[in-house]
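Pasted below: protein.tsv, TSV, C-alpha atoms (C1' of nucleotides).
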```
chain	number	residue	atom	x	y	z
Y	2	MET	CA	20.92	3.94	-2.27
Y	3	ALA	CA	24.43	3.25	-1.69
Y	4	LEU	CA	26.61	0.59	-1.25
Y	5	GLU	CA	29.39	2.03	0.75
Y	6	ARG	CA	29.46	0.59	4.22
Y	7	VAL	CA	29.75	4.04	5.68
Y	8	THR	CA	30.88	4.60	9.22
Y	9	SER	CA	28.15	6.80	10.56
Y	10	HIS	CA	25.70	4.56	8.69
Y	11	ILE	CA	22.37	5.45	10.19
Y	12	ASP	CA	22.91	9.18	10.44
Y	13	ALA	CA	24.28	9.30	6.94
Y	14	PHE	CA	21.24	7.43	5.76
Y	15	LYS	CA	18.85	9.67	7.64
Y	16	GLU	CA	20.62	12.69	6.29
Y	17	ALA	CA	20.37	11.36	2.76
Y	18	ALA	CA	16.76	10.34	3.29
Y	19	LEU	CA	15.82	13.93	3.98
Y	20	THR	CA	16.29	14.89	0.35
Y	21	CYS	CA	15.70	11.48	-1.15
Y	22	PRO	CA	13.04	11.74	-3.81
Y	23	LEU	CA	11.75	8.24	-3.19
Y	24	PRO	CA	9.36	8.69	-0.26
Y	25	PRO	CA	6.95	11.01	-2.05
Y	26	ALA	CA	6.91	8.67	-5.02
Y	27	VAL	CA	6.28	5.71	-2.77
Y	28	GLU	CA	3.49	7.64	-1.13
Y	29	LEU	CA	1.88	8.06	-4.52
Y	30	ILE	CA	2.25	4.73	-6.23
Y	31	GLY	CA	3.79	2.51	-3.59
Y	32	GLU	CA	0.48	1.02	-2.73
Y	33	LYS	CA	-1.17	-2.05	-4.10
Y	34	TRP	CA	-4.17	-0.47	-5.73
Y	35	ALA	CA	-2.50	2.66	-6.98
Y	36	PHE	CA	0.09	0.54	-8.69
Y	37	LEU	CA	-2.42	-1.84	-10.18
Y	38	ILE	CA	-4.49	1.07	-11.43
Y	39	LEU	CA	-1.37	2.38	-13.07
Y	40	ARG	CA	-0.79	-0.96	-14.70
Y	41	GLY	CA	-4.38	-0.90	-15.92
Y	42	ALA	CA	-3.92	2.56	-17.35
Y	43	LEU	CA	-0.77	1.50	-19.16
Y	44	ASN	CA	-2.84	-1.35	-20.52
Y	45	GLY	CA	-5.41	0.96	-21.89
Y	46	LEU	CA	-8.07	1.02	-19.20
Y	47	GLN	CA	-9.74	4.39	-19.06
Y	48	HIS	CA	-13.06	4.43	-17.27
Y	49	PHE	CA	-14.11	4.02	-13.69
Y	50	GLU	CA	-16.15	0.92	-14.43
Y	51	GLU	CA	-13.31	-0.62	-16.39
Y	52	PHE	CA	-10.92	-0.31	-13.50
Y	53	GLN	CA	-13.56	-1.51	-11.12
Y	54	ALA	CA	-14.43	-4.58	-13.11
Y	55	GLY	CA	-10.88	-5.23	-14.24
Y	56	LEU	CA	-9.25	-5.03	-10.85
Y	57	GLY	CA	-12.06	-6.10	-8.58
Y	58	ILE	CA	-11.43	-3.13	-6.35
Y	59	ALA	CA	-14.02	-1.62	-4.03
Y	60	ARG	CA	-15.65	1.45	-5.51
Y	61	ASN	CA	-14.79	3.80	-2.69
Y	62	ILE	CA	-11.15	2.77	-2.73
Y	63	LEU	CA	-11.02	3.13	-6.47
Y	64	SER	CA	-12.54	6.55	-6.21
Y	65	ASP	CA	-9.99	7.55	-3.61
Y	66	ARG	CA	-7.00	6.18	-5.52
Y	67	LEU	CA	-8.03	7.71	-8.81
Y	68	GLY	CA	-8.33	11.01	-7.00
Y	69	ARG	CA	-4.83	10.70	-5.58
Y	70	LEU	CA	-3.34	9.72	-8.90
Y	71	VAL	CA	-5.03	12.71	-10.49
Y	72	ALA	CA	-3.78	14.95	-7.71
Y	73	GLY	CA	-0.32	13.49	-8.27
Y	74	GLU	CA	-0.63	14.29	-11.96
Y	75	ILE	CA	-0.20	10.72	-13.03
Y	76	LEU	CA	-3.71	10.54	-14.39
Y	77	GLU	CA	-5.85	13.18	-15.97
Y	78	ARG	CA	-9.60	13.40	-15.84
Y	79	THR	CA	-11.45	14.46	-18.94
Y	80	PRO	CA	-15.14	14.12	-19.66
Y	81	ASP	CA	-15.80	11.59	-22.37
Y	82	PRO	CA	-17.02	13.48	-25.45
Y	83	ASP	CA	-19.00	10.45	-26.60
Y	84	ASP	CA	-20.86	9.98	-23.36
Y	85	GLY	CA	-21.37	12.79	-20.93
Y	86	ARG	CA	-21.60	10.68	-17.82
Y	87	ARG	CA	-18.28	9.01	-18.45
Y	88	VAL	CA	-14.95	10.30	-17.32
Y	89	ILE	CA	-11.75	9.33	-19.04
Y	90	TYR	CA	-8.78	8.72	-16.80
Y	91	GLY	CA	-5.84	9.14	-19.11
Y	92	LEU	CA	-2.15	8.93	-18.39
Y	93	THR	CA	-0.23	12.17	-18.32
Y	94	ALA	CA	3.33	12.37	-19.60
Y	95	LYS	CA	4.42	12.00	-16.02
Y	96	GLY	CA	2.32	8.88	-15.74
Y	97	GLU	CA	3.67	7.37	-18.92
Y	98	ALA	CA	7.15	7.98	-17.64
Y	99	LEU	CA	6.49	5.34	-15.03
Y	100	LEU	CA	6.62	2.66	-17.69
Y	101	PRO	CA	10.21	1.66	-16.91
Y	102	VAL	CA	9.34	1.27	-13.26
Y	103	VAL	CA	6.40	-0.97	-13.96
Y	104	LEU	CA	8.27	-3.01	-16.51
Y	105	ALA	CA	11.32	-3.38	-14.32
Y	106	LEU	CA	9.18	-4.75	-11.54
Y	107	ARG	CA	7.37	-6.99	-13.95
Y	108	GLN	CA	10.57	-8.40	-15.32
Y	109	TRP	CA	11.96	-8.93	-11.87
Y	110	SER	CA	8.83	-10.71	-10.86
Y	111	GLU	CA	8.90	-12.95	-13.87
Y	112	GLU	CA	12.56	-13.70	-13.47
Y	113	TRP	CA	12.27	-14.61	-9.82
Y	114	GLY	CA	9.47	-17.03	-10.00
Y	115	HIS	CA	6.31	-15.08	-9.40
Y	116	GLY	CA	4.77	-16.59	-12.49
Y	117	LYS	CA	5.40	-16.21	-16.16
Y	118	ALA	CA	3.00	-14.30	-18.30
Y	119	ARG	CA	1.76	-15.78	-21.52
Y	120	VAL	CA	2.62	-12.67	-23.48
Y	121	VAL	CA	5.78	-10.68	-23.89
Y	122	LEU	CA	6.33	-7.08	-24.79
Y	123	VAL	CA	7.91	-6.60	-28.17
Y	124	ASP	CA	9.12	-3.72	-30.24
Y	125	ARG	CA	6.26	-2.98	-32.60
Y	126	ARG	CA	8.69	-2.17	-35.35
Y	127	ASP	CA	10.27	-5.60	-35.67
Y	128	GLY	CA	8.34	-7.79	-33.26
Y	129	ARG	CA	11.40	-8.58	-31.21
Y	130	PRO	CA	11.26	-8.70	-27.43
Y	131	ILE	CA	12.47	-5.72	-25.49
Y	132	ARG	CA	15.63	-5.86	-23.47
Y	133	ARG	CA	15.76	-6.62	-19.83
Y	134	ILE	CA	15.77	-3.35	-17.96
Y	135	CYS	CA	18.98	-2.82	-16.06
Y	136	VAL	CA	21.31	-0.29	-14.56
Y	137	GLN	CA	23.87	0.87	-17.09
Y	138	ALA	CA	27.07	2.82	-17.07
Y	139	GLU	CA	27.40	5.70	-19.44
Y	140	ASP	CA	28.98	3.39	-22.00
Y	141	GLY	CA	26.18	0.84	-21.70
Y	142	ARG	CA	27.85	-1.75	-19.51
Y	143	GLU	CA	25.47	-3.35	-17.06
Y	144	LEU	CA	26.18	-2.39	-13.47
Y	145	THR	CA	25.43	-4.18	-10.24
Y	146	LEU	CA	25.25	-2.94	-6.70
Y	147	ASP	CA	28.97	-3.32	-6.17
Y	148	ASP	CA	29.85	-1.20	-9.15
Y	149	LEU	CA	28.08	1.80	-7.73
Y	150	MET	CA	28.80	4.55	-5.30
Y	151	TRP	CA	27.38	7.90	-4.37
Y	152	ALA	CA	29.00	11.14	-5.41
Y	153	LYS	CA	28.18	14.77	-5.23
Y	154	PRO	CA	27.01	16.11	-8.57
Y	155	GLU	CA	30.05	18.40	-8.96
Y	156	ASP	CA	32.42	15.54	-8.47
Y	157	ALA	CA	30.51	13.36	-10.87
Y	158	ALA	CA	30.66	16.10	-13.46
Y	159	ALA	CA	34.39	16.30	-12.97
Y	160	ALA	CA	34.20	12.58	-13.68
Y	161	ARG	CA	36.78	11.23	-11.27
Y	162	GLN	CA	36.51	9.39	-8.00
Y	163	GLY	CA	35.80	12.45	-5.86
Y	164	GLN	CA	36.07	12.26	-2.11
Y	165	ALA	CA	32.91	12.86	-0.14
Y	166	ALA	CA	32.69	16.01	1.95
S	12	MET	CA	0.84	-3.79	-20.09
S	13	ALA	CA	-0.19	-2.97	-23.46
S	14	LEU	CA	-0.92	-0.33	-25.50
S	15	GLU	CA	-3.29	-1.79	-28.00
S	16	ARG	CA	-6.74	-0.31	-27.60
S	17	VAL	CA	-8.25	-3.79	-27.66
S	18	THR	CA	-11.90	-4.38	-28.34
S	19	SER	CA	-12.88	-6.62	-25.50
S	20	HIS	CA	-10.78	-4.38	-23.28
S	21	ILE	CA	-11.80	-5.37	-19.78
S	22	ASP	CA	-12.03	-9.08	-20.35
S	23	ALA	CA	-8.75	-9.13	-22.19
S	24	PHE	CA	-7.20	-7.29	-19.29
S	25	LYS	CA	-8.71	-9.58	-16.70
S	26	GLU	CA	-7.55	-12.56	-18.68
S	27	ALA	CA	-4.04	-11.18	-18.89
S	28	ALA	CA	-4.12	-10.23	-15.23
S	29	LEU	CA	-4.62	-13.84	-14.26
S	30	THR	CA	-1.08	-14.76	-15.19
S	31	CYS	CA	0.46	-11.35	-14.77
S	32	PRO	CA	3.47	-11.60	-12.50
S	33	LEU	CA	2.96	-8.13	-11.09
S	34	PRO	CA	0.37	-8.64	-8.35
S	35	PRO	CA	2.50	-10.97	-6.23
S	36	ALA	CA	5.42	-8.59	-6.54
S	37	VAL	CA	3.25	-5.67	-5.57
S	38	GLU	CA	2.01	-7.65	-2.63
S	39	LEU	CA	5.59	-8.05	-1.47
S	40	ILE	CA	7.21	-4.69	-2.03
S	41	GLY	CA	4.38	-2.50	-3.20
S	42	GLU	CA	3.92	-1.03	0.18
S	43	LYS	CA	5.43	2.03	1.69
S	44	TRP	CA	7.45	0.46	4.46
S	45	ALA	CA	8.52	-2.64	2.60
S	46	PHE	CA	9.85	-0.48	-0.17
S	47	LEU	CA	11.65	1.90	2.16
S	48	ILE	CA	13.19	-1.02	4.01
S	49	LEU	CA	14.42	-2.29	0.68
S	50	ARG	CA	15.93	1.07	-0.07
S	51	GLY	CA	17.59	1.00	3.31
S	52	ALA	CA	19.00	-2.44	2.65
S	53	LEU	CA	20.37	-1.32	-0.70
S	54	ASN	CA	21.97	1.52	1.19
S	55	GLY	CA	23.69	-0.79	3.55
S	56	LEU	CA	21.37	-0.90	6.54
S	57	GLN	CA	21.48	-4.31	8.15
S	58	HIS	CA	20.15	-4.40	11.68
S	59	PHE	CA	16.74	-4.01	13.17
S	60	GLU	CA	17.69	-0.93	15.13
S	61	GLU	CA	19.25	0.65	12.09
S	62	PHE	CA	16.07	0.33	10.12
S	63	GLN	CA	14.04	1.47	13.04
S	64	ALA	CA	16.11	4.56	13.69
S	65	GLY	CA	16.74	5.26	10.04
S	66	LEU	CA	13.16	5.04	8.87
S	67	GLY	CA	11.23	6.02	11.96
S	68	ILE	CA	8.97	3.03	11.59
S	69	ALA	CA	7.02	1.47	14.45
S	70	ARG	CA	8.72	-1.60	15.83
S	71	ASN	CA	5.87	-3.98	15.34
S	72	ILE	CA	5.43	-2.92	11.74
S	73	LEU	CA	9.13	-3.21	11.10
S	74	SER	CA	9.13	-6.65	12.61
S	75	ASP	CA	6.23	-7.66	10.40
S	76	ARG	CA	7.73	-6.22	7.22
S	77	LEU	CA	11.13	-7.73	7.78
S	78	GLY	CA	9.41	-11.04	8.28
S	79	ARG	CA	7.56	-10.72	5.01
S	80	LEU	CA	10.65	-9.69	3.11
S	81	VAL	CA	12.48	-12.67	4.53
S	82	ALA	CA	9.58	-14.94	3.63
S	83	GLY	CA	9.65	-13.44	0.15
S	84	GLU	CA	13.37	-14.19	-0.05
S	85	ILE	CA	14.33	-10.60	-0.58
S	86	LEU	CA	16.14	-10.45	2.72
S	87	GLU	CA	18.01	-13.10	4.59
S	88	ARG	CA	18.39	-13.38	8.34
S	89	THR	CA	21.70	-14.41	9.71
S	90	PRO	CA	22.89	-14.13	13.28
S	91	ASP	CA	25.67	-11.61	13.61
S	92	PRO	CA	28.87	-13.54	14.37
S	93	ASP	CA	30.24	-10.59	16.35
S	94	ASP	CA	27.23	-10.22	18.57
S	95	GLY	CA	24.83	-13.04	19.24
S	96	ARG	CA	21.79	-10.93	19.93
S	97	ARG	CA	22.05	-9.13	16.63
S	98	VAL	CA	20.51	-10.30	13.44
S	99	ILE	CA	21.80	-9.27	10.06
S	100	TYR	CA	19.18	-8.65	7.45
S	101	GLY	CA	21.08	-9.02	4.22
S	102	LEU	CA	19.88	-8.78	0.68
S	103	THR	CA	19.60	-12.00	-1.24
S	104	ALA	CA	20.40	-12.13	-4.94
S	105	LYS	CA	16.70	-11.81	-5.55
S	106	GLY	CA	16.65	-8.72	-3.39
S	107	GLU	CA	19.62	-7.16	-5.11
S	108	ALA	CA	17.91	-7.74	-8.41
S	109	LEU	CA	15.37	-5.13	-7.39
S	110	LEU	CA	17.96	-2.42	-7.82
S	111	PRO	CA	16.71	-1.38	-11.25
S	112	VAL	CA	13.19	-1.04	-9.92
S	113	VAL	CA	14.23	1.16	-7.05
S	114	LEU	CA	16.51	3.26	-9.21
S	115	ALA	CA	13.94	3.63	-11.95
S	116	LEU	CA	11.44	4.93	-9.45
S	117	ARG	CA	14.03	7.18	-7.93
S	118	GLN	CA	14.96	8.66	-11.26
S	119	TRP	CA	11.35	9.15	-12.18
S	120	SER	CA	10.73	10.90	-8.94
S	121	GLU	CA	13.68	13.18	-9.37
S	122	GLU	CA	12.80	13.94	-12.94
S	123	TRP	CA	9.21	14.82	-12.17
S	124	GLY	CA	9.75	17.22	-9.38
S	125	HIS	CA	9.56	15.24	-6.21
S	126	GLY	CA	12.81	16.76	-5.06
S	127	LYS	CA	16.37	16.41	-6.15
S	128	ALA	CA	18.84	14.52	-4.06
S	129	ARG	CA	22.18	16.00	-3.23
S	130	VAL	CA	24.03	12.94	-4.36
S	131	VAL	CA	24.06	10.96	-7.56
S	132	LEU	CA	24.94	7.39	-8.27
S	133	VAL	CA	28.11	6.97	-10.26
S	134	ASP	CA	30.03	4.14	-11.77
S	135	ARG	CA	32.73	3.38	-9.24
S	136	ARG	CA	35.14	2.62	-12.03
S	137	ASP	CA	35.25	6.08	-13.54
S	138	GLY	CA	33.09	8.22	-11.32
S	139	ARG	CA	30.66	9.02	-14.08
S	140	PRO	CA	26.92	9.10	-13.47
S	141	ILE	CA	24.87	6.11	-14.46
S	142	ARG	CA	22.45	6.26	-17.35
S	143	ARG	CA	18.82	6.99	-17.00
S	144	ILE	CA	16.98	3.70	-16.81
S	145	CYS	CA	14.69	3.19	-19.76
S	146	VAL	CA	12.95	0.64	-21.91
S	147	GLN	CA	15.13	-0.45	-24.77
S	148	ALA	CA	14.74	-2.38	-27.96
S	149	GLU	CA	17.09	-5.22	-28.63
S	150	ASP	CA	19.39	-2.85	-30.49
S	151	GLY	CA	19.42	-0.34	-27.65
S	152	ARG	CA	17.00	2.23	-29.00
S	153	GLU	CA	14.85	3.78	-26.30
S	154	LEU	CA	11.20	2.77	-26.58
S	155	THR	CA	8.08	4.52	-25.40
S	156	LEU	CA	4.59	3.22	-24.77
S	157	ASP	CA	3.59	3.64	-28.38
S	158	ASP	CA	6.47	1.56	-29.68
S	159	LEU	CA	5.32	-1.47	-27.76
S	160	MET	CA	2.86	-4.25	-28.22
S	161	TRP	CA	2.14	-7.65	-26.74
S	162	ALA	CA	3.05	-10.82	-28.52
S	163	LYS	CA	3.03	-14.47	-27.72
S	164	PRO	CA	6.50	-15.79	-26.99
S	165	GLU	CA	6.54	-18.05	-30.07
S	166	ASP	CA	5.76	-15.15	-32.33
S	167	ALA	CA	8.34	-12.99	-30.70
S	168	ALA	CA	10.92	-15.70	-31.18
S	169	ALA	CA	10.01	-15.87	-34.84
S	170	ALA	CA	10.70	-12.15	-34.71
S	171	ARG	CA	8.05	-10.84	-37.05
S	172	GLN	CA	4.75	-9.15	-36.43
S	173	GLY	CA	2.93	-12.36	-35.61
S	174	GLN	CA	-0.84	-12.53	-35.64
S	175	ALA	CA	-2.50	-13.33	-32.36
S	176	ALA	CA	-4.28	-16.66	-32.04
A	25	DC	C1'	25.50	-10.91	39.19
A	26	DA	C1'	23.18	-6.67	37.89
A	27	DT	C1'	22.50	-3.81	33.89
A	28	DT	C1'	22.13	-2.59	29.35
A	29	DT	C1'	21.36	-3.66	24.46
A	30	DG	C1'	19.09	-5.96	20.48
A	31	DC	C1'	15.00	-7.98	18.73
A	32	DG	C1'	11.07	-8.71	18.91
A	33	DT	C1'	5.72	-9.47	20.95
A	34	DT	C1'	1.66	-7.70	23.36
A	35	DT	C1'	-1.52	-4.28	24.34
A	36	DT	C1'	-4.23	-0.26	23.45
A	37	DC	C1'	-5.88	3.10	20.55
A	38	DT	C1'	-6.62	5.32	16.00
A	39	DT	C1'	-6.90	5.05	11.01
A	40	DT	C1'	-7.74	2.79	6.82
A	41	DT	C1'	-10.04	-0.78	4.18
A	42	DG	C1'	-13.78	-3.50	2.28
A	43	DC	C1'	-18.48	-4.24	1.24
A	44	DA	C1'	-23.13	-3.07	0.20
A	45	DA	C1'	-26.50	-0.08	-0.56
A	46	DC	C1'	-27.67	4.57	-2.02
A	47	DT	C1'	-27.56	9.16	-4.81
A	48	DG	C1'	-27.68	11.86	-8.82
A	49	DA	C1'	-26.77	13.02	-13.32
A	50	DA	C1'	-26.63	11.49	-18.37
A	51	DT	C1'	-28.09	8.33	-21.67
A	52	DA	C1'	-31.24	4.72	-23.74
A	53	DA	C1'	-35.65	2.42	-24.29
A	54	DT	C1'	-40.72	2.51	-24.65
T	3	DA	C1'	-42.51	12.06	-22.23
T	4	DT	C1'	-41.93	8.71	-19.02
T	5	DT	C1'	-39.33	5.01	-17.34
T	6	DA	C1'	-35.27	2.35	-16.96
T	7	DT	C1'	-30.32	1.79	-17.03
T	8	DT	C1'	-25.60	3.07	-16.83
T	9	DC	C1'	-21.73	5.74	-14.94
T	10	DA	C1'	-19.35	7.80	-11.28
T	11	DG	C1'	-19.18	8.40	-7.27
T	12	DT	C1'	-20.74	8.79	-1.73
T	13	DT	C1'	-22.26	7.07	2.77
T	14	DG	C1'	-22.44	3.98	6.78
T	15	DC	C1'	-20.88	0.30	9.22
T	16	DA	C1'	-17.91	-3.86	10.39
T	17	DA	C1'	-13.28	-5.64	9.92
T	18	DA	C1'	-8.45	-5.15	9.27
T	19	DA	C1'	-4.24	-2.66	9.55
T	20	DG	C1'	-1.42	0.94	11.53
T	21	DA	C1'	1.14	3.76	15.37
T	22	DA	C1'	3.03	4.16	20.12
T	23	DA	C1'	4.27	2.46	24.28
T	24	DA	C1'	5.03	-1.20	27.47
T	25	DC	C1'	6.72	-5.80	28.28
T	26	DG	C1'	9.81	-10.08	27.66
T	27	DC	C1'	13.88	-12.51	26.92
T	28	DA	C1'	18.42	-13.75	25.45
T	29	DA	C1'	23.09	-12.16	24.83
T	30	DA	C1'	26.68	-9.00	26.06
T	31	DT	C1'	28.97	-5.76	29.31
T	32	DG	C1'	30.73	-4.02	33.65
```
Now, as a test, write the supplied structure out as structure tokens.
Amino acid sequence: MALERVTSHIDAFKEAALTCPLPPAVELIGEKWAFLILRGALNGLQHFEEFQAGLGIARNILSDRLGRLVAGEILERTPDPDDGRRVIYGLTAKGEALLPVVLALRQWSEEWGHGKARVVLVDRRDGRPIRRICVQAEDGRELTLDDLMWAKPEDAAAARQGQAA
Amino acid sequence: MALERVTSHIDAFKEAALTCPLPPAVELIGEKWAFLILRGALNGLQHFEEFQAGLGIARNILSDRLGRLVAGEILERTPDPDDGRRVIYGLTAKGEALLPVVLALRQWSEEWGHGKARVVLVDRRDGRPIRRICVQAEDGRELTLDDLMWAKPEDAAAARQGQAA
DNA sequence: CATTTGCGTTTTCTTTTGCAACTGAATAAT
DNA sequence: ATTATTCAGTTGCAAAAGAAAACGCAAATG
């Protein structure tokens, strides 16, 4: 994701894309329903019928997406102990770790005019709203696109500019 | 996106979903190609052919997606002053504001085993890697799902627990 | 002026989606 | 115990979306 107007632009991008971790992630949750199911799960939805009624999704699609999310280890299927025909779709740790992604998108959406929600997320401890999610330097400064560049891990560890290979 | 196991679960969710800003955002960039185009743009890709060659996307789909991103004001079309047949697809401020979303997903993906990239993003100023994107309380503490709850804006402003209406 | 390049659109074919009805097991009601 | 209902899917078919290649057109290039 860089920001250098590199010379061999396309090839450099293609080269980088080969090991970019984004495509598999996009494959998993970069899809309308998968993402909305994830939002539902973060909101506490757990059962097939809850997702179905809550999202208004077709049953076959829901079935398919839940299966993919389970295969991707974002959700976990467990039989409901209280009712043998129910299945609980619970978030795994990996699934919960998507919270920043969902919230970042939500905040962006709110900030850029896709409608304001009537509720805000607050820190349970003191009831104060959470911060806006942003890109930060090691010392906490907020960074924008222009403040960033790519580096090879070794160079970054050495913690100086570092010329690319 | 909450975290309270509410009683009237589904209805509460549906109610909240009505004003949730996420669906429109998902409609715009919650799609494989749209998201990968966005990544490309953040990486400095600008022209139709660059996206096409860089992503290996079908031309008609690319044309459609670029159109949607422009309509959604994430990209901006401007004729290239150096070459009249070229069009520059540049990020708008709204588009650039998606950086945290893309990076959060990227970091998640890297962290959860979808492949490590060979380059890392660093602060141009000192060459040190950026922080992991996370949800933070007002004081900077990192928050997880369990630390969060929904509140109405007024209550949050008052900055104490706040009983729901 | 002929050719190539950039940016699409059109066309054709394949895949995915959406909807409704159906199955089959586990509970709940009578 | 029998019947009915709920949950979690599956199946079949029409409609929409996707991929690949061909076509069009304006701007540059030789």
- Message: Could you tell me which residues of chain S sit within 9 Å of chain T when counting only C-alpha atoms (C1' of nucleotides), and give me the result as a list in words?
- Response: Ile68, Ala69, Ile72, Asp94, Gly95, Arg96 and Arg97 of chain S
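Near (5.4, 8.9, -17.0), the residues inside the 10 Å limit, counting all atoms listed in the file, come to Leu43, Glu74, Ile75, Leu76, Leu92, Thr93, Ala94, Lys95, Gly96, Glu97, Ala98, Leu99, Leu100, Pro101 and Val102 of chain Y; Trp119, Ser120, Glu122, Trp123, Thr155 and Leu156 of chain S.
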- Query: Which is closest to chain S among A:DG48, A:DC31, A:DT41, A:DA26, if we use only C-alpha atoms (C1' of nucleotides)?
  - Reply: A:DC31
Please tabulate, as a tab-separated table, the residues of chain Y that come within 6 Å of chain S, each with its closest pair of atoms and the distance in Å to one decimal, counting all atoms listed in the file and ordering rows by chain, then residue number upward.
```
residue	atom	partner	partner_atom	distance
Y:Met2	CA	S:Asn54	CA	4.4
Y:Ala3	CA	S:Asn54	CA	4.2
Y:Leu4	CA	S:Asn54	CA	5.3
Y:Arg6	CA	S:Gly55	CA	6.0
Y:Ile11	CA	S:Gly65	CA	5.6
Y:Lys15	CA	S:Gly65	CA	5.4
Y:Thr20	CA	S:Ala128	CA	5.1
Y:Cys21	CA	S:Ala128	CA	5.3
Y:Pro22	CA	S:Gly126	CA	5.2
Y:Leu23	CA	S:Arg117	CA	5.4
Y:Ala26	CA	S:Ser120	CA	5.9
Y:Val27	CA	S:Lys43	CA	5.8
Y:Gly31	CA	S:Gly41	CA	5.1
Y:Glu32	CA	S:Glu42	CA	5.0
Y:Lys33	CA	S:Gly41	CA	5.6
Y:Leu43	CA	S:Met12	CA	5.6
Y:Asn44	CA	S:Ala13	CA	4.3
Y:Gly45	CA	S:Leu14	CA	5.9
Y:Gly55	CA	S:Lys25	CA	5.4
Y:Pro101	CA	S:Cys145	CA	5.5
Y:Val102	CA	S:Ala115	CA	5.3
Y:Ala105	CA	S:Val112	CA	5.3
Y:Leu106	CA	S:Val112	CA	5.7
Y:Arg107	CA	S:Leu33	CA	5.4
Y:Ser110	CA	S:Pro32	CA	5.7
Y:Glu111	CA	S:Pro32	CA	5.8
Y:His115	CA	S:Pro32	CA	5.5
Y:Gly116	CA	S:Pro32	CA	5.2
Y:Ala118	CA	S:Thr30	CA	5.2
Y:Val120	CA	S:Lys163	CA	4.6
Y:Val121	CA	S:Ala162	CA	5.4
Y:Leu122	CA	S:Trp161	CA	4.7
Y:Val123	CA	S:Met160	CA	5.6
Y:Asp124	CA	S:Leu159	CA	5.1
Y:Arg125	CA	S:Leu159	CA	5.2
Y:Asp127	CA	S:Arg171	CA	5.9
Y:Gly128	CA	S:Arg171	CA	4.9
Y:Arg129	CA	S:Ala170	CA	5.0
Y:Ile131	CA	S:Ala148	CA	4.7
Y:Arg132	CA	S:Glu149	CA	5.4
Y:Cys135	CA	S:Pro111	CA	5.5
Y:Val136	CA	S:Pro111	CA	5.8
Y:Gln137	CA	S:Arg142	CA	5.6
Y:Ala138	CA	S:Ile141	CA	4.7
Y:Glu139	CA	S:Arg142	CA	5.4
Y:Asp148	CA	S:Arg135	CA	5.4
Y:Leu149	CA	S:Asp134	CA	5.1
Y:Met150	CA	S:Val133	CA	5.6
Y:Trp151	CA	S:Leu132	CA	4.6
Y:Ala152	CA	S:Val130	CA	5.4
Y:Lys153	CA	S:Val130	CA	4.6
Y:Ala157	CA	S:Arg139	CA	5.4
Y:Ala160	CA	S:Arg139	CA	5.0
Y:Arg161	CA	S:Gly138	CA	4.8
Y:Gln162	CA	S:Gly138	CA	4.9
```
Only C-alpha atoms, please: the residues just picked out, written as a short mmCIF file (atom, residue, chain, number, x, y, z; two decimals), in the frame of the given file.
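Saved to out_14.cif:
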```cif
data_model
loop_
_atom_site.label_atom_id
_atom_site.label_comp_id
_atom_site.auth_asym_id
_atom_site.auth_seq_id
_atom_site.Cartn_x
_atom_site.Cartn_y
_atom_site.Cartn_z
CA MET Y 2 20.92 3.94 -2.27
CA ALA Y 3 24.43 3.25 -1.69
CA LEU Y 4 26.61 0.59 -1.25
CA ARG Y 6 29.46 0.59 4.22
CA ILE Y 11 22.37 5.45 10.19
CA LYS Y 15 18.85 9.67 7.64
CA THR Y 20 16.29 14.89 0.35
CA CYS Y 21 15.70 11.48 -1.15
CA PRO Y 22 13.04 11.74 -3.81
CA LEU Y 23 11.75 8.24 -3.19
CA ALA Y 26 6.91 8.67 -5.02
CA VAL Y 27 6.28 5.71 -2.77
CA GLY Y 31 3.79 2.51 -3.59
CA GLU Y 32 0.48 1.02 -2.73
CA LYS Y 33 -1.17 -2.05 -4.10
CA LEU Y 43 -0.77 1.50 -19.16
CA ASN Y 44 -2.84 -1.35 -20.52
CA GLY Y 45 -5.41 0.96 -21.89
CA GLY Y 55 -10.88 -5.23 -14.24
CA PRO Y 101 10.21 1.66 -16.91
CA VAL Y 102 9.34 1.27 -13.26
CA ALA Y 105 11.32 -3.38 -14.32
CA LEU Y 106 9.18 -4.75 -11.54
CA ARG Y 107 7.37 -6.99 -13.95
CA SER Y 110 8.83 -10.71 -10.86
CA GLU Y 111 8.90 -12.95 -13.87
CA HIS Y 115 6.31 -15.08 -9.40
CA GLY Y 116 4.77 -16.59 -12.49
CA ALA Y 118 3.00 -14.30 -18.30
CA VAL Y 120 2.62 -12.67 -23.48
CA VAL Y 121 5.78 -10.68 -23.89
CA LEU Y 122 6.33 -7.08 -24.79
CA VAL Y 123 7.91 -6.60 -28.17
CA ASP Y 124 9.12 -3.72 -30.24
CA ARG Y 125 6.26 -2.98 -32.60
CA ASP Y 127 10.27 -5.60 -35.67
CA GLY Y 128 8.34 -7.79 -33.26
CA ARG Y 129 11.40 -8.58 -31.21
CA ILE Y 131 12.47 -5.72 -25.49
CA ARG Y 132 15.63 -5.86 -23.47
CA CYS Y 135 18.98 -2.82 -16.06
CA VAL Y 136 21.31 -0.29 -14.56
CA GLN Y 137 23.87 0.87 -17.09
CA ALA Y 138 27.07 2.82 -17.07
CA GLU Y 139 27.40 5.70 -19.44
CA ASP Y 148 29.85 -1.20 -9.15
CA LEU Y 149 28.08 1.80 -7.73
CA MET Y 150 28.80 4.55 -5.30
CA TRP Y 151 27.38 7.90 -4.37
CA ALA Y 152 29.00 11.14 -5.41
CA LYS Y 153 28.18 14.77 -5.23
CA ALA Y 157 30.51 13.36 -10.87
CA ALA Y 160 34.20 12.58 -13.68
CA ARG Y 161 36.78 11.23 -11.27
CA GLN Y 162 36.51 9.39 -8.00
#
```
